[in-house]
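Enquirer: Structure supplied as protein11.txt; contents: compact mmCIF, C-alpha atoms.
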```txt
# COMPACT_ATOMS: atom_id res chain seq x y z
CA MET A 44 88.19 103.65 81.19
CA SER A 45 85.45 102.99 83.72
CA VAL A 46 84.33 99.42 84.42
CA VAL A 47 81.44 97.74 86.26
CA CYS A 48 80.64 94.15 87.22
CA PRO A 49 77.59 92.57 85.49
CA ASP A 50 75.76 91.70 88.74
CA PHE A 51 75.83 95.31 89.92
CA ALA A 52 74.83 96.60 86.47
CA LEU A 53 71.78 94.32 86.42
CA LYS A 54 70.95 95.21 90.03
CA ILE A 55 70.63 98.91 89.22
CA GLY A 56 68.64 98.15 86.06
CA ALA A 57 71.33 99.12 83.56
CA LYS A 58 71.00 97.84 80.00
CA ILE A 59 74.08 96.02 78.69
CA THR A 60 74.80 96.61 75.00
CA PRO A 61 77.65 95.56 72.66
CA VAL A 62 80.84 97.57 73.09
CA SER A 63 81.64 100.43 70.75
CA GLU A 64 84.69 100.59 68.49
CA ARG A 65 86.44 102.92 70.96
CA VAL A 66 86.74 100.11 73.51
CA PRO A 67 89.99 98.11 73.05
CA GLU A 68 89.53 94.48 72.08
CA HIS A 69 91.82 93.28 74.88
CA LEU A 70 91.94 94.68 78.41
CA LEU A 71 94.29 93.71 81.24
CA SER A 72 93.95 94.08 85.00
CA ALA A 73 96.60 95.82 87.11
CA SER A 74 98.23 92.42 87.69
CA GLY A 75 98.33 91.62 83.97
CA VAL A 76 95.40 89.16 83.91
CA PRO A 77 93.21 89.37 80.76
CA LEU A 78 89.70 90.72 81.42
CA THR A 79 86.55 89.31 79.86
CA ILE A 80 84.47 92.08 78.25
CA MET A 81 80.71 91.41 78.27
CA GLY A 82 79.53 94.71 76.82
CA GLN A 83 79.00 98.29 77.92
CA THR A 84 76.28 100.28 79.65
CA GLU A 85 75.47 103.90 80.34
CA VAL A 86 75.05 104.65 84.04
CA THR A 87 74.04 107.91 85.70
CA VAL A 88 76.47 108.64 88.53
CA GLY A 89 75.16 110.80 91.38
CA LEU A 90 77.48 113.23 93.16
CA ARG A 91 75.38 114.76 95.94
CA GLY A 92 72.47 115.51 93.65
CA LEU A 93 74.57 116.25 90.57
CA LEU A 94 73.80 113.58 87.95
CA ILE A 95 76.47 112.65 85.39
CA PRO A 96 75.78 110.09 82.64
CA HIS A 97 78.83 107.98 81.90
CA VAL A 98 79.63 104.85 79.89
CA PHE A 99 81.01 101.84 81.79
CA VAL A 100 82.52 98.69 80.28
CA VAL A 101 81.00 95.53 81.79
CA ILE A 102 83.73 93.14 83.00
CA ARG A 103 83.09 89.57 84.16
CA ASP A 104 84.43 88.57 87.63
CA LEU A 105 85.35 92.13 88.56
CA ASN A 106 86.39 92.28 92.24
CA HIS A 107 84.65 95.64 92.77
CA LYS A 108 81.13 96.76 91.95
CA ALA A 109 82.46 99.57 89.77
CA LEU A 110 85.66 101.50 89.10
CA VAL A 111 85.79 104.94 87.49
CA GLY A 112 88.60 105.66 85.06
CA MET A 113 90.48 108.70 83.82
CA GLY A 114 87.66 109.50 81.39
CA PHE A 115 85.22 110.12 84.24
CA LEU A 116 87.78 112.10 86.26
CA GLN A 117 88.55 114.33 83.26
CA GLN A 118 84.86 114.70 82.37
CA THR A 119 84.04 115.92 85.89
CA GLY A 120 87.22 117.99 86.37
CA CYS A 121 88.15 115.92 89.40
CA LYS A 122 90.89 117.20 91.72
CA LEU A 123 92.31 114.97 94.47
CA ASP A 124 93.64 116.32 97.75
CA MET A 125 95.38 113.37 99.42
CA LYS A 126 96.37 115.30 102.53
CA ALA A 127 92.82 116.46 103.21
CA ASN A 128 91.34 113.14 101.98
CA LEU A 129 88.96 114.99 99.60
CA ALA A 130 87.92 114.88 95.94
CA SER A 131 86.39 117.93 94.26
CA PHE A 132 84.41 118.03 91.01
CA PHE A 133 83.49 120.80 88.55
CA ASP A 134 85.67 123.55 90.11
CA ASP A 135 84.75 122.67 93.72
CA LEU A 136 81.02 122.58 92.95
CA VAL A 137 80.91 119.18 94.68
CA ILE A 138 83.43 118.08 97.33
CA LEU A 139 83.41 114.50 98.67
CA PRO A 140 85.60 112.51 101.07
CA LEU A 141 87.80 109.93 99.37
CA PHE A 142 86.96 107.33 102.02
CA GLY A 143 83.54 107.39 103.58
CA LYS A 144 82.42 105.74 106.78
CA THR A 145 80.98 102.43 105.55
CA THR A 146 80.57 99.11 107.32
CA ASP A 147 82.59 97.22 104.67
CA GLN A 148 85.61 99.54 104.31
CA ALA A 149 87.87 101.34 106.75
CA VAL A 150 91.08 103.38 106.76
CA LEU A 151 93.94 101.72 108.66
CA ARG A 152 96.08 104.14 110.68
CA SER A 153 99.34 103.55 112.48
CA SER A 154 98.80 102.74 116.17
CA ALA A 155 102.18 104.13 117.25
CA ARG A 156 105.14 106.11 115.96
CA LEU A 157 107.42 103.90 113.87
CA VAL A 158 110.91 104.43 112.44
CA VAL A 159 111.73 102.08 109.55
CA PRO A 160 115.45 101.88 108.67
CA ALA A 161 116.58 102.22 105.05
CA PHE A 162 115.80 99.23 102.79
CA THR A 163 114.02 97.48 105.65
CA GLU A 164 110.62 95.83 105.97
CA ALA A 165 108.59 96.22 109.15
CA ILE A 166 105.32 94.78 110.40
CA THR A 167 103.35 97.42 112.26
CA ARG A 168 100.09 97.40 114.17
CA VAL A 169 97.27 99.51 112.74
CA SER A 170 93.92 100.45 114.25
CA VAL A 171 90.59 99.33 112.79
CA ARG A 172 87.56 101.53 113.44
CA SER A 173 84.62 99.97 115.23
CA TYR A 174 82.20 100.54 112.34
CA PHE A 175 84.08 98.02 110.18
CA ARG A 176 82.06 94.87 110.86
CA PRO A 177 83.79 92.02 108.93
CA ARG A 178 86.27 89.89 110.85
CA CYS A 179 88.67 89.64 107.91
CA GLY A 180 89.44 91.81 104.92
CA VAL A 181 91.80 92.77 102.12
CA VAL A 182 94.49 95.37 102.86
CA GLU A 183 95.36 97.77 100.03
CA PRO A 184 97.71 100.79 100.16
CA HIS A 185 96.10 104.11 101.06
CA ALA A 186 96.24 106.82 98.39
CA ALA A 187 98.44 108.97 100.65
CA VAL A 188 101.14 106.27 100.71
CA PHE A 189 101.98 106.82 97.04
CA GLN A 190 103.59 110.14 97.99
CA GLN A 191 105.82 108.50 100.63
CA PRO A 192 109.22 106.77 100.32
CA TYR A 193 107.71 103.51 101.57
CA VAL A 194 105.20 101.01 100.23
CA VAL A 195 102.51 98.93 101.95
CA ALA A 196 101.89 95.33 100.94
CA LYS A 197 98.49 94.02 99.92
CA ALA A 198 97.32 91.18 102.13
CA LEU A 199 94.38 89.19 103.45
CA VAL A 200 94.22 89.85 107.20
CA THR A 201 92.14 89.03 110.26
CA VAL A 202 90.77 91.78 112.49
CA ARG A 203 91.76 91.26 116.13
CA GLN A 204 90.40 92.74 119.33
CA THR A 205 92.08 93.58 122.63
CA GLN A 206 90.62 92.79 126.02
CA PRO A 207 89.16 94.45 128.03
CA CYS A 208 89.36 97.70 126.01
CA ASN A 209 87.77 96.13 122.91
CA GLN A 210 90.10 98.05 120.61
CA ARG A 211 90.20 96.53 117.12
CA TYR A 212 93.43 96.21 115.18
CA THR A 213 95.37 94.29 112.54
CA TYR A 214 98.84 94.44 110.99
CA CYS A 215 100.44 95.96 107.87
CA ARG A 216 103.75 95.21 106.17
CA VAL A 217 105.74 98.35 105.35
CA LEU A 218 108.86 98.44 103.17
CA ASN A 219 111.16 101.48 103.19
CA LEU A 220 112.62 101.87 99.69
CA SER A 221 114.72 104.96 100.44
CA ILE A 222 118.35 105.25 101.50
CA LYS A 223 117.31 107.03 104.70
CA PRO A 224 115.15 105.95 107.66
CA CYS A 225 111.52 107.00 107.33
CA VAL A 226 109.24 108.02 110.17
CA ILE A 227 105.61 106.96 110.31
CA ARG A 228 103.71 109.02 112.85
CA LYS A 229 100.93 107.74 115.04
CA GLY A 230 97.63 108.14 113.21
CA ASP A 231 99.14 108.25 109.70
CA PRO A 232 96.91 106.51 107.11
CA LEU A 233 98.71 103.45 105.74
CA ALA A 234 96.06 101.36 104.01
CA THR A 235 92.40 100.69 103.45
CA LEU A 236 90.67 97.55 104.62
CA GLY A 237 87.86 96.18 102.47
CA GLU A 238 85.56 93.28 103.12
CA ALA A 239 86.81 90.02 101.59
CA ASN A 240 83.49 89.09 100.00
CA SER A 241 84.67 88.20 96.51
CA VAL A 242 85.86 84.59 96.35
CA ARG A 243 86.30 82.92 92.99
CA VAL A 244 86.76 79.17 92.60
CA VAL A 245 89.53 78.24 90.19
CA THR A 246 88.27 75.39 88.05
CA GLN A 247 91.37 75.01 85.89
CA SER A 248 94.90 74.94 87.21
CA VAL A 249 97.50 77.03 85.43
CA ALA A 250 100.34 75.03 86.97
CA PRO A 251 101.94 72.27 84.90
CA ASN A 252 101.05 68.68 85.69
CA VAL A 253 103.68 66.98 87.88
CA LYS A 254 103.39 63.73 85.92
CA ASP A 255 104.04 65.60 82.67
CA ILE A 256 107.20 67.14 84.15
CA LEU A 257 108.51 63.78 85.36
CA SER A 258 107.87 62.16 81.96
CA VAL A 259 110.13 64.63 80.10
CA THR A 260 113.45 62.97 79.20
CA MET A 261 116.84 64.62 79.65
CA GLU A 262 117.29 64.89 75.89
CA GLU A 263 113.95 66.70 75.57
CA LYS A 264 114.93 69.13 78.34
CA ILE A 265 118.24 69.92 76.63
CA LYS A 266 116.42 70.53 73.34
CA GLN A 267 113.88 72.84 75.02
CA ILE A 268 116.71 74.79 76.65
CA SER A 269 118.44 75.10 73.27
CA ASP A 270 115.19 76.27 71.66
CA LEU A 271 115.04 79.03 74.26
CA GLY A 272 118.43 80.25 73.06
CA LEU A 273 120.19 79.30 76.32
CA GLN A 274 123.64 77.74 76.61
CA ILE A 275 124.88 76.05 79.78
CA ASN A 276 128.60 75.80 80.48
CA ARG A 277 129.20 72.29 81.89
CA GLN A 278 132.93 72.74 82.43
CA ASN A 279 132.78 72.78 86.26
CA MET A 280 129.58 70.80 86.63
CA ASP A 281 129.01 67.11 87.26
CA ASP A 282 126.15 65.18 85.64
CA SER A 283 123.91 65.34 88.72
CA THR A 284 124.25 69.13 89.05
CA TYR A 285 123.70 69.61 85.33
CA GLU A 286 120.50 67.52 85.36
CA ARG A 287 119.11 69.43 88.35
CA LEU A 288 119.87 72.76 86.67
CA CYS A 289 118.06 71.65 83.50
CA SER A 290 115.07 70.56 85.58
CA LEU A 291 114.92 73.98 87.23
CA ILE A 292 114.95 75.79 83.87
CA ILE A 293 112.29 73.61 82.20
```
Written as structure tokens, that's how I'd like the structure from this file.
Expert:
Amino acid sequence: MSVVCPDFALKIGAKITPVSERVPEHLLSASGVPLTIMGQTEVTVGLRGLLIPHVFVVIRDLNHKALVGMGFLQQTGCKLDMKANLASFFDDLVILPLFGKTTDQAVLRSSARLVVPAFTEAITRVSVRSYFRPRCGVVEPHAAVFQQPYVVAKALVTVRQTQPCNQRYTYCRVLNLSIKPCVIRKGDPLATLGEANSVRVVTQSVAPNVKDILSVTMEEKIKQISDLGLQINRQNMDDSTYERLCSLII
């Protein structure tokens, strides 16, 4: 399913209409957060002169302007070549780079050869191209990483600059999940860096109130633990340890 943020939809003059019955009533983000559906709109997507009409679901507070889903990829016969960093459409009628040279996004590549031991996390320096203008950004794993035995952590980072060479760089966290050491060569793509321009103010805290926690009696905690179906063996536990354990559970 393809999605678009309302501000971008209105900017391009798209008309937002009620969603059709084919759109699920409840949608979740990749992190499991419920998404607010505002409607749907039909947008004409241009692929180097080839115009494809496609329906996008309008999502409030979307972090990206638009995201295309499997429906669009299947409709256009999209084929991804991660090694060549290319996407082809309609039997190679249109071929586009997966990551273009924009001022608000850049590919982060390893600055030096790195050997990460098995089940080990490493922090490695990565180069930032000069055309990336923001001084901070959000790191997300590069598509090529999903074929590797290691993962790259998402993070909010600051872009640094060496003197006097004026080379720009930042850092990535890499975790080797395999039972063998993995080798990351110099110049390997590890992540993408996007401008951190989407900041949302949280008006309601999801954390419990500290005063409410302190006001819960020991008897109420024991009852809540019992309601959860949990049983605590107090045989080798003094009262102080038992009370602290109950406080950690509730």
Enquirer: Have a look at atom CA of A:Leu53 and atom CA of A:Ala73 and let me know their distance in Å, one decimal.
Expert: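 For atom CA of A:Leu53 relative to atom CA of A:Ala73, the distance reads 24.9 Å.
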Enquirer: How many Å separate atom CA of A:Leu90 from atom CA of A:Gly114?
Expert: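 So the answer is 16.0 Å.
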Enquirer: Between atom CA of A:Leu233 and atom CA of A:Ser45, what is the distance in Å, rounded to a tenth?
Expert: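 The value is 25.7 Å.
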Enquirer: Counting all atoms listed in the file, which residue out of A:Gly56, A:Pro77, A:Pro192, A:Pro140 sits closest to A:Arg103?
Expert: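 Counting all atoms listed in the file, the residue closest to A:Arg103 is A:Pro77.
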Enquirer: If we draw a sphere of 6 Å around (89.3, 110.5, 102.7), which residues have at least one atom in it when counting only C-alpha atoms? Please report them as a ChimeraX atom specification.
Expert: /A:128-129,140-142
Enquirer: Using only C-alpha atoms, which residue out of A:Ser269, A:Gln117, A:Thr201, A:Asn219 lies closest to A:Ala161?
Expert: A:Asn219
Enquirer: Within 7 Å of (92.5, 91.9, 107.6), in the coordinates the file gives, what residues turn up when you count only C-alpha atoms, written out as a PyMOL selection string?
Expert: chain A and resi 179-182+199-202+213+236
Enquirer: If you keep C-alpha atoms, can you produce a file of those selected residues as an mmCIF file, in the frame of the given file?
Expert:
```cif
data_model
loop_
_atom_site.group_PDB
_atom_site.id
_atom_site.type_symbol
_atom_site.label_atom_id
_atom_site.label_comp_id
_atom_site.auth_asym_id
_atom_site.auth_seq_id
_atom_site.Cartn_x
_atom_site.Cartn_y
_atom_site.Cartn_z
ATOM 1 C CA CYS A 179 88.670 89.640 107.910
ATOM 2 C CA GLY A 180 89.440 91.810 104.920
ATOM 3 C CA VAL A 181 91.800 92.770 102.120
ATOM 4 C CA VAL A 182 94.490 95.370 102.860
ATOM 5 C CA LEU A 199 94.380 89.190 103.450
ATOM 6 C CA VAL A 200 94.220 89.850 107.200
ATOM 7 C CA THR A 201 92.140 89.030 110.260
ATOM 8 C CA VAL A 202 90.770 91.780 112.490
ATOM 9 C CA THR A 213 95.370 94.290 112.540
ATOM 10 C CA LEU A 236 90.670 97.550 104.620
#
```
Enquirer: What's around A:Pro96 at 12 Å? Count all atoms listed in the file, leave out sequence neighbours fewer than 2 positions away in its own chain, and write the answer as a PDB file with C-alpha atoms, keeping the file's coordinate frame.
Expert:
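Full text of selection-v5.pdb as output:
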```pdb
ATOM      1  CA  ALA A  57      71.330  99.120  83.560  1.00  0.00           C
ATOM      2  CA  THR A  84      76.280 100.280  79.650  1.00  0.00           C
ATOM      3  CA  GLU A  85      75.470 103.900  80.340  1.00  0.00           C
ATOM      4  CA  VAL A  86      75.050 104.650  84.040  1.00  0.00           C
ATOM      5  CA  THR A  87      74.040 107.910  85.700  1.00  0.00           C
ATOM      6  CA  VAL A  88      76.470 108.640  88.530  1.00  0.00           C
ATOM      7  CA  GLY A  89      75.160 110.800  91.380  1.00  0.00           C
ATOM      8  CA  LEU A  90      77.480 113.230  93.160  1.00  0.00           C
ATOM      9  CA  LEU A  93      74.570 116.250  90.570  1.00  0.00           C
ATOM     10  CA  LEU A  94      73.800 113.580  87.950  1.00  0.00           C
ATOM     11  CA  VAL A  98      79.630 104.850  79.890  1.00  0.00           C
ATOM     12  CA  PHE A  99      81.010 101.840  81.790  1.00  0.00           C
ATOM     13  CA  GLY A 114      87.660 109.500  81.390  1.00  0.00           C
ATOM     14  CA  PHE A 115      85.220 110.120  84.240  1.00  0.00           C
ATOM     15  CA  GLN A 118      84.860 114.700  82.370  1.00  0.00           C
ATOM     16  CA  THR A 119      84.040 115.920  85.890  1.00  0.00           C
TER      17      THR A 119
END
```
Enquirer: Which residue out of A:Lys58, A:Gly92, A:Ser290, A:Ile275 has the minimum interatomic distance to A:Val259 when only C-alpha atoms are used?
Expert: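 Looking at the shortest contact to A:Val259, the residue is A:Ser290.
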Enquirer: Nearest to A:Ile222: which of A:Pro160, A:Pro61, A:Gly75, A:Gly120 is it, counting all atoms listed in the file?
Expert: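 Among the listed residues, the smallest separation from A:Ile222 belongs to A:Pro160.
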Enquirer: Using all atoms listed in the file, which residues sit within 8 Å of A:Leu70 once same-chain residues fewer than 5 positions away are excluded, as a compact mmCIF listing (two decimals) with C-alpha atoms, in the coordinates of the input?
Expert:
```txt
# COMPACT_ATOMS: atom_id res chain seq x y z
CA PRO A 77 93.21 89.37 80.76
CA LEU A 78 89.70 90.72 81.42
CA THR A 79 86.55 89.31 79.86
CA ILE A 80 84.47 92.08 78.25
```
Enquirer: Given the choices A:Lys108, A:His97, A:Arg91, A:Lys223, which gets closest to A:Phe132 if the distance is worked out from only C-alpha atoms?
Expert: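 Once distances to A:Phe132 are computed over only C-alpha atoms, the minimum belongs to A:Arg91.
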Enquirer: Which residues, written as a list in words, have at least one atom at most 6 Å from stretch 165-177 of chain A, with only C-alpha atoms counted and residues fewer than 5 positions away on the same chain left out?
Expert: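 Listing them by chain and then by number gives Thr146, Asp147, Leu151, Arg152, Ser153, Ser154, Arg211, Tyr212, Thr213, Tyr214, Cys215, Arg216 and Val217 of chain A.
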Enquirer: Please write the residues from the selection above to a file, keeping C-alpha atoms, as a PDB file, keeping the file's coordinate frame.
Expert:
```
ATOM      1  CA  THR A 146      80.570  99.110 107.320  1.00  0.00           C
ATOM      2  CA  ASP A 147      82.590  97.220 104.670  1.00  0.00           C
ATOM      3  CA  LEU A 151      93.940 101.720 108.660  1.00  0.00           C
ATOM      4  CA  ARG A 152      96.080 104.140 110.680  1.00  0.00           C
ATOM      5  CA  SER A 153      99.340 103.550 112.480  1.00  0.00           C
ATOM      6  CA  SER A 154      98.800 102.740 116.170  1.00  0.00           C
ATOM      7  CA  ARG A 211      90.200  96.530 117.120  1.00  0.00           C
ATOM      8  CA  TYR A 212      93.430  96.210 115.180  1.00  0.00           C
ATOM      9  CA  THR A 213      95.370  94.290 112.540  1.00  0.00           C
ATOM     10  CA  TYR A 214      98.840  94.440 110.990  1.00  0.00           C
ATOM     11  CA  CYS A 215     100.440  95.960 107.870  1.00  0.00           C
ATOM     12  CA  ARG A 216     103.750  95.210 106.170  1.00  0.00           C
ATOM     13  CA  VAL A 217     105.740  98.350 105.350  1.00  0.00           C
TER      14      VAL A 217
END
```
Enquirer: A:Val150, A:Ala186, A:Val62, A:Val158: which is nearest A:Asp124, counting all atoms listed in the file?
Expert: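 Closest to A:Asp124 of all the choices is A:Ala186.
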Enquirer: Adding 6 Å on each side of the box along x, y and z that holds all listed atoms of stretch 274-289 of chain A, could you give its centre and edge lengths in Å to one decimal, as AutoDock Vina command-line options?
Expert:
```
--center_x 125.5 --center_y 71.5 --center_z 82.8 --size_x 26.9 --size_y 24.6 --size_z 24.4
```
Enquirer: Within 6 Å of A:Ala234, counting only C-alpha atoms, which residues qualify if same-chain residues fewer than 4 places away don't, as a PyMOL selection string?
Expert: chain A and resi 151+183-185
Enquirer: Export stretch 49-72 of chain A from the structure block above, keeping N, CA and C atoms, as a tab-separated table (two decimals), in the first residue's frame.
Expert:
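result.tsv written:
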```tsv
chain	number	residue	atom	x	y	z
A	49	PRO	N	-0.36	14.50	4.13
A	49	PRO	CA	-1.36	15.45	3.65
A	49	PRO	C	-0.78	16.75	3.12
A	50	ASP	N	0.30	17.26	3.74
A	50	ASP	CA	0.89	18.51	3.29
A	50	ASP	C	1.42	18.39	1.86
A	51	PHE	N	2.08	17.28	1.56
A	51	PHE	CA	2.61	17.09	0.22
A	51	PHE	C	1.49	16.88	-0.79
A	52	ALA	N	0.44	16.15	-0.38
A	52	ALA	CA	-0.70	15.94	-1.27
A	52	ALA	C	-1.36	17.26	-1.66
A	53	LEU	N	-1.53	18.15	-0.67
A	53	LEU	CA	-2.14	19.45	-0.95
A	53	LEU	C	-1.20	20.33	-1.77
A	54	LYS	N	0.10	20.19	-1.54
A	54	LYS	CA	1.08	20.99	-2.27
A	54	LYS	C	1.05	20.70	-3.76
A	55	ILE	N	0.86	19.44	-4.13
A	55	ILE	CA	0.84	19.08	-5.55
A	55	ILE	C	-0.57	19.16	-6.14
A	56	GLY	N	-1.52	19.65	-5.33
A	56	GLY	CA	-2.88	19.85	-5.84
A	56	GLY	C	-3.73	18.60	-5.91
A	57	ALA	N	-3.38	17.58	-5.14
A	57	ALA	CA	-4.15	16.33	-5.15
A	57	ALA	C	-5.43	16.50	-4.34
A	58	LYS	N	-6.49	15.86	-4.80
A	58	LYS	CA	-7.77	15.92	-4.11
A	58	LYS	C	-7.91	14.73	-3.18
A	59	ILE	N	-8.14	15.00	-1.89
A	59	ILE	CA	-8.27	13.94	-0.89
A	59	ILE	C	-9.74	13.55	-0.77
A	60	THR	N	-10.01	12.26	-0.94
A	60	THR	CA	-11.36	11.72	-0.87
A	60	THR	C	-11.43	10.64	0.20
A	61	PRO	N	-12.65	10.25	0.62
A	61	PRO	CA	-12.77	9.15	1.61
A	61	PRO	C	-12.15	7.87	1.07
A	62	VAL	N	-11.64	7.06	1.98
A	62	VAL	CA	-10.97	5.82	1.57
A	62	VAL	C	-11.99	4.80	1.07
A	63	SER	N	-11.54	3.94	0.19
A	63	SER	CA	-12.40	2.89	-0.34
A	63	SER	C	-12.46	1.71	0.63
A	64	GLU	N	-13.31	0.75	0.34
A	64	GLU	CA	-13.46	-0.41	1.22
A	64	GLU	C	-12.23	-1.32	1.19
A	65	ARG	N	-11.39	-1.19	0.16
A	65	ARG	CA	-10.20	-2.04	0.07
A	65	ARG	C	-9.10	-1.61	1.02
A	66	VAL	N	-9.20	-0.40	1.58
A	66	VAL	CA	-8.20	0.08	2.52
A	66	VAL	C	-8.54	-0.43	3.91
A	67	PRO	N	-7.61	-1.11	4.59
A	67	PRO	CA	-7.88	-1.62	5.95
A	67	PRO	C	-8.25	-0.49	6.90
A	68	GLU	N	-9.09	-0.82	7.87
A	68	GLU	CA	-9.53	0.20	8.82
A	68	GLU	C	-8.40	0.65	9.73
A	69	HIS	N	-7.50	-0.27	10.05
A	69	HIS	CA	-6.38	0.05	10.95
A	69	HIS	C	-5.06	-0.26	10.24
A	70	LEU	N	-4.16	0.72	10.27
A	70	LEU	CA	-2.83	0.56	9.69
A	70	LEU	C	-1.78	0.82	10.76
A	71	LEU	N	-0.67	0.08	10.70
A	71	LEU	CA	0.42	0.25	11.65
A	71	LEU	C	1.70	0.61	10.92
A	72	SER	N	2.54	1.40	11.58
A	72	SER	CA	3.86	1.72	11.02
A	72	SER	C	4.79	0.54	11.23
```
